[in-house]
$ cat my_file26.cif   # mmCIF, C-alpha atoms and all ligand atoms
data_data
#
loop_
_atom_site.group_PDB
_atom_site.id
_atom_site.type_symbol
_atom_site.label_atom_id
_atom_site.label_comp_id
_atom_site.auth_asym_id
_atom_site.auth_seq_id
_atom_site.Cartn_x
_atom_site.Cartn_y
_atom_site.Cartn_z
ATOM 1 C CA MET A 1 0.000 0.000 0.000
ATOM 2 C CA ILE A 2 1.305 3.463 -0.917
ATOM 3 C CA LEU A 3 0.069 6.550 0.964
ATOM 4 C CA VAL A 4 -0.185 9.717 -1.141
ATOM 5 C CA THR A 5 -0.449 13.053 0.669
ATOM 6 C CA GLY A 6 -1.470 16.094 -1.362
ATOM 7 C CA ALA A 7 -3.553 13.616 -3.397
ATOM 8 C CA THR A 8 -6.181 16.252 -4.245
ATOM 9 C CA GLY A 9 -3.555 18.717 -5.548
ATOM 10 C CA THR A 10 -1.738 19.282 -8.831
ATOM 11 C CA VAL A 11 1.111 16.771 -8.480
ATOM 12 C CA GLY A 12 -0.528 14.323 -6.052
ATOM 13 C CA ARG A 13 -3.478 13.768 -8.412
ATOM 14 C CA GLU A 14 -1.029 12.752 -11.159
ATOM 15 C CA VAL A 15 0.848 10.465 -8.745
ATOM 16 C CA VAL A 16 -2.408 8.731 -7.771
ATOM 17 C CA GLY A 17 -3.441 8.272 -11.418
ATOM 18 C CA GLN A 18 -0.094 6.800 -12.447
ATOM 19 C CA LEU A 19 0.082 4.438 -9.437
ATOM 20 C CA LEU A 20 -3.456 3.175 -10.114
ATOM 21 C CA GLY A 21 -2.522 2.678 -13.757
ATOM 22 C CA MET A 22 0.237 0.331 -12.586
ATOM 23 C CA GLY A 23 -2.168 -1.622 -10.382
ATOM 24 C CA GLN A 24 -0.695 -0.340 -7.109
ATOM 25 C CA GLY A 25 -2.812 -0.107 -3.945
ATOM 26 C CA VAL A 26 -3.229 3.582 -3.110
ATOM 27 C CA ARG A 27 -4.394 5.351 0.030
ATOM 28 C CA ALA A 28 -4.954 9.133 -0.069
ATOM 29 C CA LEU A 29 -4.832 11.597 2.819
ATOM 30 C CA THR A 30 -7.082 14.641 2.630
ATOM 31 C CA ARG A 31 -8.414 17.099 5.192
ATOM 32 C CA ASP A 32 -11.796 16.928 3.517
ATOM 33 C CA PRO A 33 -12.894 13.611 1.978
ATOM 34 C CA SER A 34 -16.250 15.162 1.034
ATOM 35 C CA LYS A 35 -14.397 17.309 -1.527
ATOM 36 C CA GLY A 36 -14.430 14.258 -3.830
ATOM 37 C CA GLY A 37 -12.511 13.993 -7.084
ATOM 38 C CA ILE A 38 -10.401 11.046 -5.913
ATOM 39 C CA ASP A 39 -10.716 7.821 -7.939
ATOM 40 C CA SER A 40 -13.042 5.292 -6.306
ATOM 41 C CA LYS A 41 -10.253 2.669 -6.348
ATOM 42 C CA VAL A 42 -8.361 4.782 -3.784
ATOM 43 C CA GLU A 43 -8.828 4.306 -0.054
ATOM 44 C CA VAL A 44 -9.471 7.859 1.194
ATOM 45 C CA ILE A 45 -8.463 8.662 4.785
ATOM 46 C CA PRO A 46 -9.360 11.926 6.502
ATOM 47 C CA GLY A 47 -6.353 13.533 8.163
ATOM 48 C CA ASP A 48 -4.347 16.697 8.608
ATOM 49 C CA LEU A 49 -0.550 16.831 8.527
ATOM 50 C CA MET A 50 -0.736 19.503 11.251
ATOM 51 C CA LYS A 51 -2.633 17.121 13.550
ATOM 52 C CA PRO A 52 -0.355 14.184 14.457
ATOM 53 C CA ASP A 53 -3.187 12.228 16.105
ATOM 54 C CA THR A 54 -4.946 11.971 12.711
ATOM 55 C CA LEU A 55 -1.947 10.329 10.994
ATOM 56 C CA GLY A 56 -1.721 6.917 12.715
ATOM 57 C CA LYS A 57 -4.622 5.508 10.718
ATOM 58 C CA ALA A 58 -3.236 6.949 7.485
ATOM 59 C CA VAL A 59 0.152 5.220 7.805
ATOM 60 C CA ASP A 60 -1.078 1.920 9.282
ATOM 61 C CA GLY A 61 -0.056 -0.960 6.989
ATOM 62 C CA VAL A 62 1.632 1.392 4.533
ATOM 63 C CA GLU A 63 4.893 0.362 2.853
ATOM 64 C CA LYS A 64 5.747 3.611 1.059
ATOM 65 C CA ILE A 65 4.685 7.264 1.155
ATOM 66 C CA PHE A 66 4.561 10.077 -1.405
ATOM 67 C CA SER A 67 4.984 13.066 0.904
ATOM 68 C CA LEU A 68 3.680 16.446 -0.232
ATOM 69 C CA ALA A 69 3.435 19.293 2.276
ATOM 70 C CA THR A 70 2.834 22.971 1.590
ATOM 71 C CA GLY A 71 3.939 26.433 2.686
ATOM 72 C CA ALA A 72 5.585 27.603 5.883
ATOM 73 C CA GLN A 73 4.136 24.566 7.690
ATOM 74 C CA ILE A 74 6.220 22.118 5.614
ATOM 75 C CA PRO A 75 8.766 21.561 8.440
ATOM 76 C CA ALA A 76 6.056 20.806 11.026
ATOM 77 C CA GLN A 77 3.915 18.773 8.618
ATOM 78 C CA GLU A 78 6.741 16.505 7.488
ATOM 79 C CA LYS A 79 8.093 16.098 11.017
ATOM 80 C CA ASN A 80 4.646 14.849 12.036
ATOM 81 C CA LEU A 81 4.438 12.487 9.068
ATOM 82 C CA ALA A 82 8.019 11.219 9.547
ATOM 83 C CA GLN A 83 7.293 10.367 13.189
ATOM 84 C CA ALA A 84 4.041 8.558 12.366
ATOM 85 C CA ALA A 85 5.719 6.723 9.460
ATOM 86 C CA LYS A 86 8.640 5.612 11.594
ATOM 87 C CA LYS A 87 6.286 4.262 14.240
ATOM 88 C CA ALA A 88 4.284 2.337 11.623
ATOM 89 C CA GLY A 89 7.397 0.764 10.030
ATOM 90 C CA VAL A 90 7.079 2.538 6.646
ATOM 91 C CA ARG A 91 10.051 1.527 4.458
ATOM 92 C CA HIS A 92 10.494 4.380 1.963
ATOM 93 C CA VAL A 93 9.343 8.000 1.632
ATOM 94 C CA VAL A 94 9.481 9.917 -1.647
ATOM 95 C CA LYS A 95 9.249 13.601 -0.771
ATOM 96 C CA LEU A 96 8.256 16.392 -3.130
ATOM 97 C CA SER A 97 10.785 19.130 -2.391
ATOM 98 C CA VAL A 98 11.960 22.095 -4.465
ATOM 99 C CA LEU A 99 14.893 22.988 -6.704
ATOM 100 C CA GLY A 100 17.548 24.656 -4.552
ATOM 101 C CA ALA A 101 16.858 22.654 -1.395
ATOM 102 C CA GLY A 102 20.017 20.914 -0.189
ATOM 103 C CA MET A 103 21.990 22.829 -2.823
ATOM 104 C CA GLY A 104 23.069 25.881 -0.825
ATOM 105 C CA SER A 105 20.098 28.080 -1.787
ATOM 106 C CA LYS A 106 19.285 30.852 0.667
ATOM 107 C CA GLY A 107 15.668 31.073 -0.504
ATOM 108 C CA THR A 108 12.758 30.889 1.921
ATOM 109 C CA ILE A 109 10.877 28.073 0.158
ATOM 110 C CA PRO A 110 14.016 25.880 -0.213
ATOM 111 C CA SER A 111 14.664 26.378 3.522
ATOM 112 C CA TRP A 112 11.149 25.084 4.366
ATOM 113 C CA HIS A 113 11.768 22.013 2.214
ATOM 114 C CA GLU A 114 15.252 21.460 3.633
ATOM 115 C CA ALA A 115 13.649 21.157 7.069
ATOM 116 C CA GLY A 116 11.133 18.662 5.622
ATOM 117 C CA GLU A 117 13.966 16.676 4.028
ATOM 118 C CA ARG A 118 15.834 16.678 7.355
ATOM 119 C CA ALA A 119 12.811 15.195 9.128
ATOM 120 C CA TYR A 120 13.049 12.127 6.864
ATOM 121 C CA GLN A 121 16.847 11.932 6.977
ATOM 122 C CA GLU A 122 16.729 11.958 10.779
ATOM 123 C CA SER A 123 13.896 9.391 10.892
ATOM 124 C CA GLY A 124 16.105 6.596 9.546
ATOM 125 C CA ILE A 125 13.455 5.729 6.898
ATOM 126 C CA ALA A 126 14.836 5.350 3.350
ATOM 127 C CA TRP A 127 14.119 8.555 1.401
ATOM 128 C CA THR A 128 14.156 9.998 -2.111
ATOM 129 C CA PHE A 129 13.839 13.743 -2.678
ATOM 130 C CA ILE A 130 12.193 15.097 -5.842
ATOM 131 C CA ARG A 131 13.310 18.717 -6.293
ATOM 132 C CA PRO A 132 11.456 20.396 -9.180
ATOM 133 C CA GLY A 133 11.735 23.996 -10.351
ATOM 134 C CA SER A 134 8.673 26.077 -11.325
ATOM 135 C CA PHE A 135 5.589 24.149 -12.388
ATOM 136 C CA MET A 136 4.035 24.868 -15.812
ATOM 137 C CA SER A 137 0.710 24.913 -13.999
ATOM 138 C CA ASN A 138 1.687 28.184 -12.272
ATOM 139 C CA ALA A 139 0.560 29.770 -15.564
ATOM 140 C CA ARG A 140 -3.013 29.103 -14.402
ATOM 141 C CA SER A 141 -2.625 32.185 -12.183
ATOM 142 C CA TRP A 142 -2.484 34.309 -15.378
ATOM 143 C CA ALA A 143 -5.936 33.165 -16.537
ATOM 144 C CA ALA A 144 -7.918 35.885 -14.731
ATOM 145 C CA THR A 145 -6.113 38.870 -16.316
ATOM 146 C CA ILE A 146 -5.862 37.118 -19.692
ATOM 147 C CA LYS A 147 -9.663 36.893 -19.674
ATOM 148 C CA SER A 148 -10.382 40.313 -18.146
ATOM 149 C CA GLN A 149 -7.617 42.461 -19.726
ATOM 150 C CA GLY A 150 -5.938 40.367 -22.423
ATOM 151 C CA ALA A 151 -2.713 40.788 -20.439
ATOM 152 C CA VAL A 152 -0.258 39.047 -18.128
ATOM 153 C CA PHE A 153 1.573 41.025 -15.439
ATOM 154 C CA SER A 154 4.741 39.511 -14.001
ATOM 155 C CA ALA A 155 7.889 40.443 -12.073
ATOM 156 C CA PHE A 156 9.980 37.877 -13.966
ATOM 157 C CA GLY A 157 11.126 40.462 -16.546
ATOM 158 C CA ASP A 158 12.723 38.849 -19.597
ATOM 159 C CA GLY A 159 14.540 36.203 -17.566
ATOM 160 C CA ARG A 160 14.166 32.611 -18.727
ATOM 161 C CA PHE A 161 13.481 29.470 -16.703
ATOM 162 C CA PRO A 162 12.486 25.901 -17.690
ATOM 163 C CA PRO A 163 9.011 25.211 -16.246
ATOM 164 C CA ILE A 164 8.161 21.545 -15.676
ATOM 165 C CA HIS A 165 4.930 19.651 -16.387
ATOM 166 C CA PRO A 166 3.449 18.331 -13.094
ATOM 167 C CA ARG A 167 2.967 14.959 -14.809
ATOM 168 C CA ASP A 168 6.737 14.670 -15.304
ATOM 169 C CA ILE A 169 7.298 15.381 -11.604
ATOM 170 C CA ALA A 170 4.776 12.661 -10.780
ATOM 171 C CA SER A 171 6.436 10.246 -13.229
ATOM 172 C CA VAL A 172 9.794 10.652 -11.501
ATOM 173 C CA ALA A 173 8.143 10.193 -8.085
ATOM 174 C CA VAL A 174 6.281 7.084 -9.269
ATOM 175 C CA LYS A 175 9.512 5.582 -10.674
ATOM 176 C CA ALA A 176 11.153 6.176 -7.286
ATOM 177 C CA LEU A 177 8.184 4.563 -5.509
ATOM 178 C CA THR A 178 7.897 1.519 -7.748
ATOM 179 C CA SER A 179 11.410 0.593 -8.917
ATOM 180 C CA PRO A 180 14.585 -0.164 -6.956
ATOM 181 C CA GLY A 181 17.693 1.987 -6.627
ATOM 182 C CA HIS A 182 16.289 5.412 -5.742
ATOM 183 C CA GLU A 183 16.840 5.330 -1.968
ATOM 184 C CA GLY A 184 19.151 8.064 -0.662
ATOM 185 C CA LYS A 185 18.954 9.991 -3.954
ATOM 186 C CA ALA A 186 17.812 13.564 -4.657
ATOM 187 C CA TYR A 187 16.585 14.459 -8.146
ATOM 188 C CA PRO A 188 16.693 18.135 -9.176
ATOM 189 C CA LEU A 189 14.181 18.482 -12.038
ATOM 190 C CA THR A 190 13.332 21.053 -14.698
ATOM 191 C CA GLY A 191 11.280 21.133 -17.845
ATOM 192 C CA PRO A 192 12.922 20.629 -21.264
ATOM 193 C CA GLU A 193 13.225 24.272 -22.420
ATOM 194 C CA ALA A 194 14.013 27.613 -20.802
ATOM 195 C CA LEU A 195 11.345 30.195 -21.663
ATOM 196 C CA SER A 196 10.679 33.755 -20.546
ATOM 197 C CA VAL A 197 7.217 34.636 -19.269
ATOM 198 C CA GLY A 198 6.792 36.623 -22.508
ATOM 199 C CA GLN A 199 7.499 33.473 -24.557
ATOM 200 C CA GLN A 200 5.078 31.414 -22.434
ATOM 201 C CA VAL A 201 2.416 34.088 -22.890
ATOM 202 C CA GLN A 202 3.006 33.975 -26.666
ATOM 203 C CA ILE A 203 2.400 30.186 -26.655
ATOM 204 C CA ILE A 204 -0.876 30.677 -24.748
ATOM 205 C CA SER A 205 -1.866 33.485 -27.117
ATOM 206 C CA GLU A 206 -1.375 31.222 -30.148
ATOM 207 C CA ALA A 207 -3.364 28.426 -28.472
ATOM 208 C CA ILE A 208 -6.394 30.632 -27.748
ATOM 209 C CA GLY A 209 -6.084 32.558 -31.012
ATOM 210 C CA LYS A 210 -6.083 35.958 -29.294
ATOM 211 C CA PRO A 211 -3.352 38.519 -28.628
ATOM 212 C CA ILE A 212 -2.132 38.739 -25.027
ATOM 213 C CA ARG A 213 0.088 41.600 -23.824
ATOM 214 C CA TYR A 214 2.985 40.733 -21.543
ATOM 215 C CA VAL A 215 3.537 43.543 -19.021
ATOM 216 C CA PRO A 216 6.665 43.337 -16.835
ATOM 217 C CA VAL A 217 5.989 44.899 -13.425
ATOM 218 C CA THR A 218 8.068 45.790 -10.373
ATOM 219 C CA ASP A 219 8.321 43.485 -7.343
ATOM 220 C CA GLU A 220 6.207 45.994 -5.394
ATOM 221 C CA ALA A 221 3.392 45.937 -7.948
ATOM 222 C CA ALA A 222 3.555 42.141 -8.200
ATOM 223 C CA LYS A 223 3.393 41.780 -4.416
ATOM 224 C CA ASP A 224 0.460 44.165 -4.247
ATOM 225 C CA GLY A 225 -1.411 42.045 -6.816
ATOM 226 C CA MET A 226 -0.626 38.763 -5.032
ATOM 227 C CA VAL A 227 -1.665 40.108 -1.624
ATOM 228 C CA LYS A 228 -4.890 41.571 -3.083
ATOM 229 C CA SER A 229 -5.690 38.147 -4.530
ATOM 230 C CA GLY A 230 -5.452 36.665 -1.012
ATOM 231 C CA MET A 231 -1.840 35.461 -0.755
ATOM 232 C CA PRO A 232 -0.102 36.042 2.601
ATOM 233 C CA ALA A 233 2.588 38.773 2.286
ATOM 234 C CA PHE A 234 5.397 36.486 3.505
ATOM 235 C CA TYR A 235 4.519 33.972 0.790
ATOM 236 C CA ALA A 236 4.496 36.672 -1.900
ATOM 237 C CA ASP A 237 7.968 37.725 -0.701
ATOM 238 C CA ALA A 238 9.164 34.103 -0.946
ATOM 239 C CA LEU A 239 7.913 33.871 -4.557
ATOM 240 C CA LEU A 240 9.505 37.205 -5.464
ATOM 241 C CA GLN A 241 12.915 35.828 -4.414
ATOM 242 C CA LEU A 242 12.517 33.427 -7.327
ATOM 243 C CA ALA A 243 11.511 36.258 -9.690
ATOM 244 C CA GLY A 244 14.732 38.081 -8.753
ATOM 245 C CA ALA A 245 16.826 34.997 -9.510
ATOM 246 C CA VAL A 246 15.072 34.546 -12.864
ATOM 247 C CA ARG A 247 15.583 38.217 -13.850
ATOM 248 C CA ALA A 248 19.269 37.918 -12.945
ATOM 249 C CA GLY A 249 19.586 34.986 -15.379
ATOM 250 C CA GLY A 250 20.369 32.483 -12.625
ATOM 251 C CA ALA A 251 17.512 30.049 -13.221
ATOM 252 C CA ALA A 252 17.745 29.151 -16.929
ATOM 253 C CA GLN A 253 19.590 25.834 -16.694
ATOM 254 C CA VAL A 254 17.792 22.829 -18.226
ATOM 255 C CA LEU A 255 18.497 19.573 -16.369
ATOM 256 C CA PRO A 256 18.450 16.085 -17.973
ATOM 257 C CA THR A 257 17.012 14.321 -14.888
ATOM 258 C CA VAL A 258 13.431 13.704 -16.073
ATOM 259 C CA GLU A 259 14.694 11.797 -19.111
ATOM 260 C CA GLN A 260 17.396 10.012 -17.094
ATOM 261 C CA VAL A 261 14.900 8.701 -14.530
ATOM 262 C CA THR A 262 11.831 8.071 -16.713
ATOM 263 C CA GLY A 263 13.520 7.196 -20.013
ATOM 264 C CA ARG A 264 11.441 9.726 -21.950
ATOM 265 C CA LYS A 265 11.769 13.397 -22.785
ATOM 266 C CA GLY A 266 10.040 15.939 -20.557
ATOM 267 C CA LEU A 267 6.741 17.398 -21.782
ATOM 268 C CA THR A 268 6.902 20.872 -23.332
ATOM 269 C CA PHE A 269 5.046 24.017 -22.286
ATOM 270 C CA THR A 270 3.215 23.896 -25.626
ATOM 271 C CA GLU A 271 1.894 20.431 -24.689
ATOM 272 C CA TRP A 272 0.809 21.637 -21.228
ATOM 273 C CA VAL A 273 -1.030 24.599 -22.778
ATOM 274 C CA ARG A 274 -2.763 22.326 -25.308
ATOM 275 C CA GLU A 275 -4.101 20.200 -22.426
ATOM 276 C CA ASN A 276 -5.178 23.232 -20.375
ATOM 277 C CA VAL A 277 -6.269 25.694 -23.049
ATOM 278 C CA ALA A 278 -9.830 25.903 -21.667
ATOM 279 C CA VAL A 279 -8.459 27.617 -18.533
ATOM 280 C CA PHE A 280 -7.434 30.646 -20.632
ATOM 281 C CA ARG A 281 -10.498 31.005 -22.888
HETATM 282 N N1 LIG B 301 4.363 25.595 -7.838
HETATM 283 C C1 LIG B 301 5.647 25.465 -8.082
HETATM 284 O O1 LIG B 301 6.198 26.052 -9.035
HETATM 285 C C2 LIG B 301 6.490 24.578 -7.212
HETATM 286 C C3 LIG B 301 7.821 24.330 -7.570
HETATM 287 C C4 LIG B 301 8.574 23.448 -6.784
HETATM 288 C C5 LIG B 301 8.024 22.852 -5.663
HETATM 289 N N2 LIG B 301 6.718 23.133 -5.338
HETATM 290 C C6 LIG B 301 6.156 22.486 -4.150
HETATM 291 O O2 LIG B 301 5.034 21.710 -4.548
HETATM 292 C C7 LIG B 301 4.151 21.602 -3.433
HETATM 293 C C8 LIG B 301 2.749 21.973 -3.895
HETATM 294 O O3 LIG B 301 2.325 20.972 -4.780
HETATM 295 P P1 LIG B 301 0.952 21.086 -5.563
HETATM 296 O O4 LIG B 301 0.977 22.333 -6.391
HETATM 297 O O5 LIG B 301 0.703 19.780 -6.225
HETATM 298 O O6 LIG B 301 -0.063 21.295 -4.362
HETATM 299 P P2 LIG B 301 -1.524 21.963 -4.433
HETATM 300 O O7 LIG B 301 -2.135 21.722 -5.773
HETATM 301 O O8 LIG B 301 -1.391 23.360 -3.925
HETATM 302 O O9 LIG B 301 -2.315 21.093 -3.371
HETATM 303 C C9 LIG B 301 -1.982 21.115 -2.013
HETATM 304 C C10 LIG B 301 -2.299 19.752 -1.435
HETATM 305 O O10 LIG B 301 -1.836 19.726 -0.082
HETATM 306 C C11 LIG B 301 -2.858 19.200 0.742
HETATM 307 N N3 LIG B 301 -2.730 19.823 2.064
HETATM 308 C C12 LIG B 301 -2.580 21.141 2.344
HETATM 309 N N4 LIG B 301 -2.504 21.329 3.673
HETATM 310 C C13 LIG B 301 -2.619 20.096 4.240
HETATM 311 C C14 LIG B 301 -2.623 19.620 5.575
HETATM 312 N N5 LIG B 301 -2.503 20.457 6.629
HETATM 313 N N6 LIG B 301 -2.769 18.286 5.798
HETATM 314 C C15 LIG B 301 -2.907 17.434 4.745
HETATM 315 N N7 LIG B 301 -2.906 17.806 3.472
HETATM 316 C C16 LIG B 301 -2.767 19.135 3.211
HETATM 317 C C17 LIG B 301 -4.159 19.519 0.048
HETATM 318 O O11 LIG B 301 -5.073 18.492 0.376
HETATM 319 P P3 LIG B 301 -6.554 18.710 0.984
HETATM 320 O O12 LIG B 301 -6.951 20.137 0.710
HETATM 321 O O13 LIG B 301 -7.374 17.705 0.215
HETATM 322 O O14 LIG B 301 -6.419 18.381 2.430
HETATM 323 C C18 LIG B 301 -3.768 19.421 -1.438
HETATM 324 O O15 LIG B 301 -3.933 18.103 -1.908
HETATM 325 C C19 LIG B 301 4.700 22.505 -2.342
HETATM 326 O O16 LIG B 301 5.474 21.734 -1.456
HETATM 327 C C20 LIG B 301 5.590 23.455 -3.125
HETATM 328 O O17 LIG B 301 6.607 24.039 -2.329
HETATM 329 C C21 LIG B 301 5.935 23.966 -6.086
#
$ encode --input "my_file26.cif" --output "structure tokens"
Amino acid sequence: MILVTGATGTVGREVVGQLLGMGQGVRALTRDPSKGGIDSKVEVIPGDLMKPDTLGKAVDGVEKIFSLATGAQIPAQEKNLAQAAKKAGVRHVVKLSVLGAGMGSKGTIPSWHEAGERAYQESGIAWTFIRPGSFMSNARSWAATIKSQGAVFSAFGDGRFPPIHPRDIASVAVKALTSPGHEGKAYPLTGPEALSVGQQVQIISEAIGKPIRYVPVTDEAAKDGMVKSGMPAFYADALLQLAGAVRAGGAAQVLPTVEQVTGRKGLTFTEWVRENVAVFR
């Protein structure tokens, strides 16, 4: 049995689908089972990574875990899960981390994930860390202004970075969960091509058959927009650290890891847009 946390989210949903496709037994943790949307072949367990007493049932009889935690609570959430997993005799945890973690980054989000990684390293359970860069699906956050103003506003300037398809992240995680030889390894992952936000916007524009303006904005303006849309200010600051690195040209490297682990080329941004075009119409 494999426990998937974050099973209702972008990457976890893909992990669940791929594991089921291989005939694996899957259990999913969610804070709200009534939300639905999880395949009926999955055993759904209510639980909250912030509430350790809800995790015993989730890890009982589980051999492996796909661990996905979010935000500033990542260190606490993964410490709770590591302790429950250790107690239950779980053999292997594959943790979704972030590019930069364990690689000397001083960024806020990598530091949250480093603490999560440490929780598993200190637990004595075999671990694999999946460290992706920016998800292609982040482009979903542009849909509102594409529809309302025919424009995308971003603090990334003309800097390029290689966004990754969430399905490729899931494929690497599923390989690590279902084939031998991945214990004690960390996989930094990117998509197959470095693109500026302007280039990504152009690809979306061609897919919907409408012009979209790309408007570079300052960090202050970007933060204002993120906070107005409901994001906590500290989280907006953490994301803007990445925008600064991208503008400075420090985030353009394309890594070969997806192909090395899965044996196939990473999916392109054009393919992701084709699958998600309805979001932008
Ligand atoms: N976006 C990027 O560019 C990027 C890049 C690299 C790494 N990452 C990392 O990727 C992760 C986010 O992945 P995602 O986009 O797939 O997630 P997502 O779509 O935002 O979904 C979040 C998931 O976490 C679950 N969750 C949240 N709080 C929980 C709690 N207290 N207890 C149990 N479950 C909880 C939610 O489940 P329920 O609501 O059903 O409980 C949901 O399934 C983060 O760790 C982030 O740092 C993101």
$ closest_residue --input "my_file26.cif" --among "A:Lys86, A:Lys79, A:Arg91, A:Lys175" --to "His113 in chain A" --atoms "only C-alpha atoms"
A:Lys79
$ resolve_selection --input "my_file26.cif" --expression "the PyMOL selection byres (((not hetatm)) within 6 of (chain B and resi 301))" --output "JSON, numbers by chain"
{"A": [6, 7, 8, 9, 10, 11, 12, 30, 31, 32, 48, 49, 50, 68, 69, 70, 97, 98, 132, 133, 134, 135, 138]}
$ resolve_selection --input "my_file26.cif" --expression "the PyMOL selection byres (((chain A and resi 201) around 8) and not hetatm)" --output "PyMOL selection string"
chain A and resi 152+197-200+202-205+212-214
$ residues_near_point --input "my_file26.cif" --point "(0.4, 11.4, 9.8)" --cutoff "9 Å" --atoms "only C-alpha atoms" --output "ChimeraX atom specification"
/A:29,47-59,77-78,80-85
$ atom_distance --input "my_file26.cif" --atom1 "CA of Ile208 in chain A" --atom2 "CA of Arg281 in chain A"
6.4 Å
$ residues_near_point --input "my_file26.cif" --point "(19.0, 22.6, -4.7)" --cutoff "10 Å" --atoms "only C-alpha atoms" --output "short mmCIF file (atom, residue, chain, number, x, y, z; two decimals) with C-alpha atoms, in the coordinates of the input"
data_model
loop_
_atom_site.label_atom_id
_atom_site.label_comp_id
_atom_site.auth_asym_id
_atom_site.auth_seq_id
_atom_site.Cartn_x
_atom_site.Cartn_y
_atom_site.Cartn_z
CA SER A 97 10.78 19.13 -2.39
CA VAL A 98 11.96 22.10 -4.46
CA LEU A 99 14.89 22.99 -6.70
CA GLY A 100 17.55 24.66 -4.55
CA ALA A 101 16.86 22.65 -1.40
CA GLY A 102 20.02 20.91 -0.19
CA MET A 103 21.99 22.83 -2.82
CA GLY A 104 23.07 25.88 -0.82
CA SER A 105 20.10 28.08 -1.79
CA LYS A 106 19.28 30.85 0.67
CA PRO A 110 14.02 25.88 -0.21
CA GLU A 114 15.25 21.46 3.63
CA ARG A 131 13.31 18.72 -6.29
CA PRO A 132 11.46 20.40 -9.18
CA GLY A 133 11.74 24.00 -10.35
CA ALA A 186 17.81 13.56 -4.66
CA TYR A 187 16.58 14.46 -8.15
CA PRO A 188 16.69 18.14 -9.18
CA LEU A 189 14.18 18.48 -12.04
#
$ build_atoms --input "my_file26.cif" --residues "range 257-273 of chain A" --atoms "N, CA and C atoms" --output "mmCIF file, keeping the file's coordinate frame"
data_model
loop_
_atom_site.group_PDB
_atom_site.id
_atom_site.type_symbol
_atom_site.label_atom_id
_atom_site.label_comp_id
_atom_site.auth_asym_id
_atom_site.auth_seq_id
_atom_site.Cartn_x
_atom_site.Cartn_y
_atom_site.Cartn_z
ATOM 1 N N THR A 257 17.416 15.357 -15.853
ATOM 2 C CA THR A 257 17.012 14.321 -14.888
ATOM 3 C C THR A 257 15.703 13.613 -15.247
ATOM 4 N N VAL A 258 14.718 14.359 -15.763
ATOM 5 C CA VAL A 258 13.431 13.704 -16.073
ATOM 6 C C VAL A 258 13.680 12.561 -17.047
ATOM 7 N N GLU A 259 14.431 12.833 -18.102
ATOM 8 C CA GLU A 259 14.694 11.797 -19.111
ATOM 9 C C GLU A 259 15.556 10.670 -18.527
ATOM 10 N N GLN A 260 16.533 11.043 -17.680
ATOM 11 C CA GLN A 260 17.396 10.012 -17.094
ATOM 12 C C GLN A 260 16.594 9.040 -16.225
ATOM 13 N N VAL A 261 15.639 9.566 -15.454
ATOM 14 C CA VAL A 261 14.900 8.701 -14.530
ATOM 15 C C VAL A 261 13.752 7.976 -15.235
ATOM 16 N N THR A 262 13.043 8.681 -16.130
ATOM 17 C CA THR A 262 11.831 8.071 -16.713
ATOM 18 C C THR A 262 12.094 7.410 -18.065
ATOM 19 N N GLY A 263 13.225 7.774 -18.701
ATOM 20 C CA GLY A 263 13.520 7.196 -20.013
ATOM 21 C C GLY A 263 12.775 7.882 -21.147
ATOM 22 N N ARG A 264 12.087 8.980 -20.850
ATOM 23 C CA ARG A 264 11.441 9.726 -21.950
ATOM 24 C C ARG A 264 11.630 11.225 -21.730
ATOM 25 N N LYS A 265 11.538 11.961 -22.849
ATOM 26 C CA LYS A 265 11.769 13.397 -22.785
ATOM 27 C C LYS A 265 10.677 14.091 -21.964
ATOM 28 N N GLY A 266 11.031 15.177 -21.305
ATOM 29 C CA GLY A 266 10.040 15.939 -20.557
ATOM 30 C C GLY A 266 9.027 16.588 -21.487
ATOM 31 N N LEU A 267 7.798 16.773 -20.981
ATOM 32 C CA LEU A 267 6.741 17.398 -21.782
ATOM 33 C C LEU A 267 7.015 18.896 -21.922
ATOM 34 N N THR A 268 6.621 19.452 -23.073
ATOM 35 C CA THR A 268 6.902 20.872 -23.332
ATOM 36 C C THR A 268 5.768 21.764 -22.818
ATOM 37 N N PHE A 269 6.068 23.060 -22.713
ATOM 38 C CA PHE A 269 5.046 24.017 -22.286
ATOM 39 C C PHE A 269 3.911 24.052 -23.304
ATOM 40 N N THR A 270 4.251 23.910 -24.584
ATOM 41 C CA THR A 270 3.215 23.896 -25.626
ATOM 42 C C THR A 270 2.235 22.740 -25.382
ATOM 43 N N GLU A 271 2.777 21.572 -24.970
ATOM 44 C CA GLU A 271 1.894 20.431 -24.689
ATOM 45 C C GLU A 271 1.014 20.717 -23.467
ATOM 46 N N TRP A 272 1.605 21.328 -22.437
ATOM 47 C CA TRP A 272 0.809 21.637 -21.228
ATOM 48 C C TRP A 272 -0.327 22.598 -21.589
ATOM 49 N N VAL A 273 -0.012 23.609 -22.406
ATOM 50 C CA VAL A 273 -1.030 24.599 -22.778
ATOM 51 C C VAL A 273 -2.143 23.922 -23.587
#
